[in-house]
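Below: the structure, in C-alpha cells.
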Number of protein chains: 2
Amino acid sequence: MSDWFSDGAPIEAIAADDRAAQYGDGLFETIAIRDGAPRFWDAHVARLQTGAARLGLACPPADVLGRELDAAIDHSGVDGNFATAKLTLSAGRGPRGYQRAADTKAILRVGIFAARPLPAANYRDGVEVRLCTLRLAVQPQLAGLKTLNRLEQVLARAEWQDDRIFEGLMLDTGGQLICGTMSNVFIATESAYVTPAITRCGVSGIMRGRVIAWLQSAGIDCEVRDVGIDELFGADEIFLSNSQSGVIPVRRCGQHEWTVGAGTRQAQALAAANGVPECRS
Amino acid sequence: MSDWFSDGAPIEAIAADDRAAQYGDGLFETIAIRDGAPRFWDAHVARLQTGAARLGLACPPADVLGRELDAAIDHSGVDGNFATAKLTLSAGRGPRGYQRAADTKAILRVGIFAARPLPAANYRDGVEVRLCTLRLAVQPQLAGLKTLNRLEQVLARAEWQDDRIFEGLMLDTGGQLICGTMSNVFIATESAYVTPAITRCGVSGIMRGRVIAWLQSAGIDCEVRDVGIDELFGADEIFLSNSQSGVIPVRRCGQHEWTVGAGTRQAQALAAANGVPECRS
C-alpha cells in the first residue's frame, strides 16, 4: 500500500526530473488529520497559496486540494482518526536549469501517515530542548514559507542523537531566537506572551498562528517581535507550538530551566478548547 | 530512452520518499563531458566529497562515481563528445521528518543530456547581464556547496524573461557581490584579477577554481576577497566562469558597460589551452 497519492491515485514514485528533487523547488504542508478531517484546513490552504504566489507557482484551488486530500485519506488504509497528511506542491517537471519553462505545470502530491501521540508527560511536565549551533540564514523572500529547501533544519536536527532532547531551538545569524527545527516558540508569563517575528527567516507555523489568534480572542496580548537569547533564558515560561501536537511546555535547555506555569497552561487550555484536545496536560 | 541512471541502469522515476524531493537533502555536480570523458573530474569529485562530508552523507568513492558516470554515458544515446552530466547525491529515502534515520542510504543518480555550445559572439563580444533583486542569504555552513536547496537561484532566474540577458549577478544580503545564478564572477585588469570570496554564501564553481589555478600557475595574481558593488561597476573588465562554457566576457549590466580587454582574453586563452577550447574568442 502506498503512502503517497497524486490525482487521487496511489503513486510509488515521482519523475526523475521533478524540480522538487532537482532544486527543492516547491512547498509543503504537514496537516493533522483528526476524526477523518484536516485540522485548521483553511489556514494550511492559505499558507500554501501564499507560498505558491511568492514562489510563482500555480496552486490548485482549495476545493481541489480538499478533494485530493480526501481521496488520499480514503485510499491510504491509515486510520484517519489520528493521522498526518503531507501536501507537497512541486514546481513540476522540467529540464536541467534553474529557469522554469513557461509550460511547467505544478504537481500536487499527498502523503498520508499514521500519527503517534506524544507521551502525556511531555504535555504535563514539559520537554527538554537544546540550542542548535547552526544559525538560520536571513532570507526575507522565503521567510515564513514552508519550502522544500530545508537543509538548515536537516543539519540542525542532525546535531543531536539523544532521544531525550525533544527539539532544537534555532537563532538566526544575527543571534535572535526564531523557532525550533519543527516548531515555533513562545515566551510566557501569566498574562503576557511573546513569540519571535518570522520576517527574516523561519516558518510561520499554523499552530503558532492559531495560538496568537486564540490569545487575542481571549483579550490576552501576544507580542510578535524580535526576541534575543537573554530574553529567552530569562523568561518565566517557554512553550513550543506544532501543528501535529499543539502546545508543548519546555522545562529545560542546557543549564537553563523553566517552570511550567499558568501562561503555558492557559495556552494549552485554549488549544484543547479549540480542536487540539491532545495537548491537555 | 531515459536521461537518468542509477546503479548503471536507466531509471524513469525516483521514490516518493526520497529526501531530495522532500527537503532538497543532497548535492549535485554538473559536469562537462567532452570526447566521452568528464572534464575536471577530480575537481568535481573533490567538491562532491567535501559537500557530502559537510552534510553528513556517505559519498561513493571516486572509482564508483566514475563507473556510474561511464555506464550512464554509454547507455544514454547522447553524443558523448559534447554533453552534460548531472550527478545527484541524495541523502536517500526516509520517513517524514528532518532527522535522517541511522540506516538512511545515500543514492547516486546520473543524468546525461545533450549540450549546446554558446554562440561564438558570446565569447567574442561578451554577454549582457542584470543585477538580481533577490539577495543571497548568508549561511556559512552551506557556502561553497552545490546543494539541492536552490530556491534562491530559481527565484533569481525567474526575475527576467528577456533572452538577451545571459545571466543575473547576485549580491548577498550585506550587499557584497557573490556570483551569478549559474556562474562565478571575475573582475580583471590586464595584470590583476579579483573574484569574490565564497565563504558566506554562493557556489564555489569548478571553473572558478580552475581559472584561479591557471592564473597562479602563470604567475598572475588572483585575489579572492569581498567585492562591493562599486568595485564591480568601476572595474575595467568583467567575466563569468562556468563549468560548461568556460570564460565568458560581460559587456553590459544595465547602464554599466565594460570593454572585453586583455585580462579577459588572457583568461580565455588559459582556459582554451587547458581543456576548454570552446571559450576561445
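Residues in the C-alpha cells are named by chain (A, B, ... in the order shown) and by number from 1 within that chain; ligands are numbered from 1 in the order shown.
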
(request) For chain A, list the residues within 6 Å of chain B, counting only C-alpha atoms, and write the list as a ChimeraX atom specification. (result) /A:13-16,20-21,23-25,98-99,137-139,148-151,154,157

Take the residues from that selection and put them in a file with N, CA and C atoms, as a tab-separated table (two decimals), in the first residue's frame.
```tsv
chain	number	residue	atom	x	y	z
A	13	ALA	N	6.28	6.50	-7.08
A	13	ALA	CA	7.48	7.21	-7.49
A	13	ALA	C	7.12	8.54	-8.13
A	14	ILE	N	8.13	9.37	-8.26
A	14	ILE	CA	7.96	10.65	-8.93
A	14	ILE	C	9.00	10.73	-10.05
A	15	ALA	N	8.76	11.61	-11.00
A	15	ALA	CA	9.66	11.70	-12.16
A	15	ALA	C	11.05	12.14	-11.72
A	16	ALA	N	12.06	11.60	-12.38
A	16	ALA	CA	13.45	11.93	-12.03
A	16	ALA	C	13.76	13.40	-12.28
A	20	ALA	N	11.20	19.43	-7.57
A	20	ALA	CA	11.33	19.24	-6.12
A	20	ALA	C	12.63	18.49	-5.82
A	21	ALA	N	12.93	17.47	-6.61
A	21	ALA	CA	14.12	16.65	-6.39
A	21	ALA	C	15.37	17.32	-6.94
A	23	TYR	N	15.86	20.84	-7.24
A	23	TYR	CA	16.22	22.13	-6.62
A	23	TYR	C	15.46	22.42	-5.33
A	24	GLY	N	14.66	21.48	-4.87
A	24	GLY	CA	13.77	21.80	-3.75
A	24	GLY	C	12.78	22.87	-4.14
A	25	ASP	N	12.37	22.87	-5.40
A	25	ASP	CA	11.52	23.92	-5.96
A	25	ASP	C	10.06	23.59	-5.66
A	98	TYR	N	17.92	26.37	-13.81
A	98	TYR	CA	17.10	26.99	-12.78
A	98	TYR	C	15.83	27.60	-13.35
A	99	GLN	N	15.87	28.00	-14.61
A	99	GLN	CA	14.69	28.65	-15.20
A	99	GLN	C	13.55	27.65	-15.37
A	137	ALA	N	19.86	31.35	8.18
A	137	ALA	CA	20.24	32.46	7.30
A	137	ALA	C	19.05	33.40	7.13
A	138	VAL	N	19.36	34.67	7.00
A	138	VAL	CA	18.33	35.70	6.85
A	138	VAL	C	17.96	35.84	5.38
A	139	GLN	N	16.77	35.42	5.04
A	139	GLN	CA	16.30	35.49	3.65
A	139	GLN	C	14.82	35.90	3.65
A	148	LEU	N	10.49	23.51	0.19
A	148	LEU	CA	11.20	22.23	0.16
A	148	LEU	C	12.71	22.41	0.30
A	149	ASN	N	13.17	23.62	0.55
A	149	ASN	CA	14.59	23.88	0.86
A	149	ASN	C	14.75	23.82	2.37
A	150	ARG	N	15.05	22.68	2.91
A	150	ARG	CA	15.04	22.51	4.36
A	150	ARG	C	16.37	21.95	4.89
A	151	LEU	N	17.44	22.22	4.18
A	151	LEU	CA	18.72	21.68	4.64
A	151	LEU	C	19.14	22.25	5.99
A	154	VAL	N	17.47	20.12	8.46
A	154	VAL	CA	18.07	18.78	8.45
A	154	VAL	C	19.40	18.79	9.21
A	157	ARG	N	18.82	19.34	12.94
A	157	ARG	CA	18.29	18.13	13.60
A	157	ARG	C	19.36	17.06	13.73
```

(request) Determine which residues of range 63-146 of chain B DSSP labels as strand (DSSP E or B) from the backbone of this structure, then write them out as a ChimeraX atom specification. (result) /B:82-90,93,107-114,127-131,136,144

(request) Just the residues within 12 Å of range 64-72 of chain B, please, counting only C-alpha atoms, with nothing from its chain fewer than 2 positions along; format it as an MDAnalysis selection string. (result) chainID B and resid 1:11 29:33 36:39 41:42 44:46 48:49 59:62 74:80 83:89 107:113

(request) Go through range 62-250 of chain B and collect every residue that DSSP, computed from the backbone, puts in helix (DSSP H, G or I); the answer should be as number ranges by chain. (result) B: 62-76, 120-125, 151-157, 206-217, 229-234

Save the residues we just selected, C-alpha atoms, as a PDB file, in the first residue's frame?
```pdb
ATOM      1  CA  ALA B  62      35.785   8.186  -6.903  1.00  0.00           C
ATOM      2  CA  ASP B  63      36.096   4.916  -8.805  1.00  0.00           C
ATOM      3  CA  VAL B  64      32.453   4.046  -8.195  1.00  0.00           C
ATOM      4  CA  LEU B  65      31.392   7.542  -9.263  1.00  0.00           C
ATOM      5  CA  GLY B  66      33.468   7.123 -12.422  1.00  0.00           C
ATOM      6  CA  ARG B  67      31.977   3.732 -13.259  1.00  0.00           C
ATOM      7  CA  GLU B  68      28.442   5.043 -12.754  1.00  0.00           C
ATOM      8  CA  LEU B  69      29.174   8.024 -14.975  1.00  0.00           C
ATOM      9  CA  ASP B  70      30.711   5.900 -17.736  1.00  0.00           C
ATOM     10  CA  ALA B  71      27.797   3.461 -17.667  1.00  0.00           C
ATOM     11  CA  ALA B  72      25.326   6.334 -17.908  1.00  0.00           C
ATOM     12  CA  ILE B  73      27.157   7.892 -20.856  1.00  0.00           C
ATOM     13  CA  ASP B  74      27.320   4.521 -22.613  1.00  0.00           C
ATOM     14  CA  HIS B  75      23.611   3.834 -22.167  1.00  0.00           C
ATOM     15  CA  SER B  76      22.311   7.343 -22.730  1.00  0.00           C
ATOM     16  CA  ALA B 120      30.651  32.449 -30.716  1.00  0.00           C
ATOM     17  CA  ALA B 121      29.533  36.050 -30.265  1.00  0.00           C
ATOM     18  CA  ASN B 122      29.165  35.467 -26.526  1.00  0.00           C
ATOM     19  CA  TYR B 123      32.843  34.634 -26.242  1.00  0.00           C
ATOM     20  CA  ARG B 124      33.923  37.320 -28.695  1.00  0.00           C
ATOM     21  CA  ASP B 125      31.778  40.330 -27.797  1.00  0.00           C
ATOM     22  CA  LEU B 151      15.310  28.174  -4.457  1.00  0.00           C
ATOM     23  CA  GLU B 152      17.299  31.399  -4.307  1.00  0.00           C
ATOM     24  CA  GLN B 153      18.742  30.685  -7.737  1.00  0.00           C
ATOM     25  CA  VAL B 154      15.340  29.623  -9.077  1.00  0.00           C
ATOM     26  CA  LEU B 155      13.718  32.854  -7.863  1.00  0.00           C
ATOM     27  CA  ALA B 156      16.617  34.983  -9.097  1.00  0.00           C
ATOM     28  CA  ARG B 157      16.441  33.340 -12.531  1.00  0.00           C
ATOM     29  CA  ILE B 206      34.766  24.263 -10.590  1.00  0.00           C
ATOM     30  CA  MET B 207      35.678  26.569 -13.486  1.00  0.00           C
ATOM     31  CA  ARG B 208      36.290  29.368 -10.981  1.00  0.00           C
ATOM     32  CA  GLY B 209      38.777  27.146  -9.188  1.00  0.00           C
ATOM     33  CA  ARG B 210      40.476  26.211 -12.473  1.00  0.00           C
ATOM     34  CA  VAL B 211      40.776  29.859 -13.571  1.00  0.00           C
ATOM     35  CA  ILE B 212      42.358  30.833 -10.252  1.00  0.00           C
ATOM     36  CA  ALA B 213      44.781  27.897 -10.533  1.00  0.00           C
ATOM     37  CA  TRP B 214      45.723  28.640 -14.161  1.00  0.00           C
ATOM     38  CA  LEU B 215      46.372  32.283 -13.340  1.00  0.00           C
ATOM     39  CA  GLN B 216      48.521  31.334 -10.380  1.00  0.00           C
ATOM     40  CA  SER B 217      50.455  28.806 -12.462  1.00  0.00           C
ATOM     41  CA  ILE B 229      29.070  46.784  -5.969  1.00  0.00           C
ATOM     42  CA  ASP B 230      31.085  49.956  -6.558  1.00  0.00           C
ATOM     43  CA  GLU B 231      34.167  47.900  -7.339  1.00  0.00           C
ATOM     44  CA  LEU B 232      32.121  45.792  -9.767  1.00  0.00           C
ATOM     45  CA  PHE B 233      30.766  48.779 -11.657  1.00  0.00           C
ATOM     46  CA  GLY B 234      34.105  50.596 -11.583  1.00  0.00           C
TER      47      GLY B 234
END
```

(message) Quick check, in Å to one decimal: how far apart do CA of Ile238 in chain A and CA of Val127 in chain A lie?
(response) 10.2 Å

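Between CA of Arg252 in chain B and CA of Met170 in chain B lies a distance of 15.0 Å.
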
(message) For a test of reading the model, state the distance in Å between CA of Glu237 in chain B and CA of Arg34 in chain B, rounded to one decimal.
(response) 28.9 Å

(request) Please identify all polymer residues within 8 Å of range 187-191 of chain B, counting only C-alpha atoms, omitting same-chain residues fewer than 6 positions from it, and present them as a ChimeraX atom specification. (result) /B:220-221,232,235-239,261-264

Produce a file of the selected residues containing N, CA and C atoms, as a CSV table (one decimal), in the first residue's frame.
```
chain,number,residue,atom,x,y,z
B,220,ILE,N,50.3,34.9,-12.3
B,220,ILE,CA,49.5,36.1,-12.2
B,220,ILE,C,48.6,36.1,-11.0
B,221,ASP,N,48.6,37.2,-10.3
B,221,ASP,CA,47.8,37.2,-9.0
B,221,ASP,C,46.3,37.2,-9.2
B,232,LEU,N,32.6,46.5,-8.6
B,232,LEU,CA,32.1,45.8,-9.8
B,232,LEU,C,31.9,46.8,-10.9
B,235,ALA,N,35.0,48.5,-12.4
B,235,ALA,CA,36.1,47.6,-12.9
B,235,ALA,C,36.4,47.9,-14.4
B,236,ASP,N,37.6,47.5,-14.8
B,236,ASP,CA,37.9,47.6,-16.2
B,236,ASP,C,37.2,46.5,-17.0
B,237,GLU,N,37.3,45.3,-16.6
B,237,GLU,CA,36.7,44.2,-17.3
B,237,GLU,C,36.0,43.2,-16.3
B,238,ILE,N,35.0,42.6,-16.8
B,238,ILE,CA,34.3,41.6,-16.0
B,238,ILE,C,34.1,40.3,-16.9
B,239,PHE,N,34.3,39.1,-16.2
B,239,PHE,CA,34.0,37.9,-17.0
B,239,PHE,C,33.3,36.9,-16.0
B,261,GLY,N,38.7,43.1,-22.6
B,261,GLY,CA,40.1,43.5,-22.7
B,261,GLY,C,41.0,42.4,-22.5
B,262,ALA,N,42.3,42.8,-22.3
B,262,ALA,CA,43.4,41.9,-22.3
B,262,ALA,C,43.3,40.9,-21.2
B,263,GLY,N,42.7,41.3,-20.0
B,263,GLY,CA,42.6,40.5,-18.9
B,263,GLY,C,41.7,39.3,-19.2
B,264,THR,N,40.6,39.6,-19.8
B,264,THR,CA,39.6,38.6,-20.1
B,264,THR,C,40.1,37.6,-21.2
```

(request) Write out as a ChimeraX atom specification which residues come within 6 Å of range 253-260 of chain A when counting only C-alpha atoms, dropping same-chain ones fewer than 2 positions away. (result) /A:128-130,237,251

(request) Write out as a list in words which residues come within 7 Å of range 194-196 of chain A when counting only C-alpha atoms, dropping same-chain ones fewer than 6 positions away. (result) Leu177, Ile178, Val185, Phe186, Ile187, Ala188, Cys222, Glu223, Val224, Arg225, Asp226 and Val227 of chain A

Any chance you could export the current selection's C-alpha atoms as a compact mmCIF listing (two decimals), in the first residue's frame?
```txt
# COMPACT_ATOMS: atom_id res chain seq x y z
CA LEU A 177 15.67 33.49 18.55
CA ILE A 178 13.50 32.39 15.61
CA VAL A 185 8.48 29.15 20.29
CA PHE A 186 6.54 31.28 22.77
CA ILE A 187 7.69 33.09 25.88
CA ALA A 188 5.01 33.43 28.54
CA CYS A 222 0.67 38.33 22.37
CA GLU A 223 3.55 40.38 21.06
CA VAL A 224 5.20 39.34 17.80
CA ARG A 225 8.69 40.83 17.70
CA ASP A 226 12.40 40.09 17.89
CA VAL A 227 13.46 38.01 20.90
```

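Checking A:Glu167, A:Arg280, A:Ala267, A:Ala106 one by one against Gly94 in chain A, counting only C-alpha atoms, you find the shortest gap at A:Ala106.
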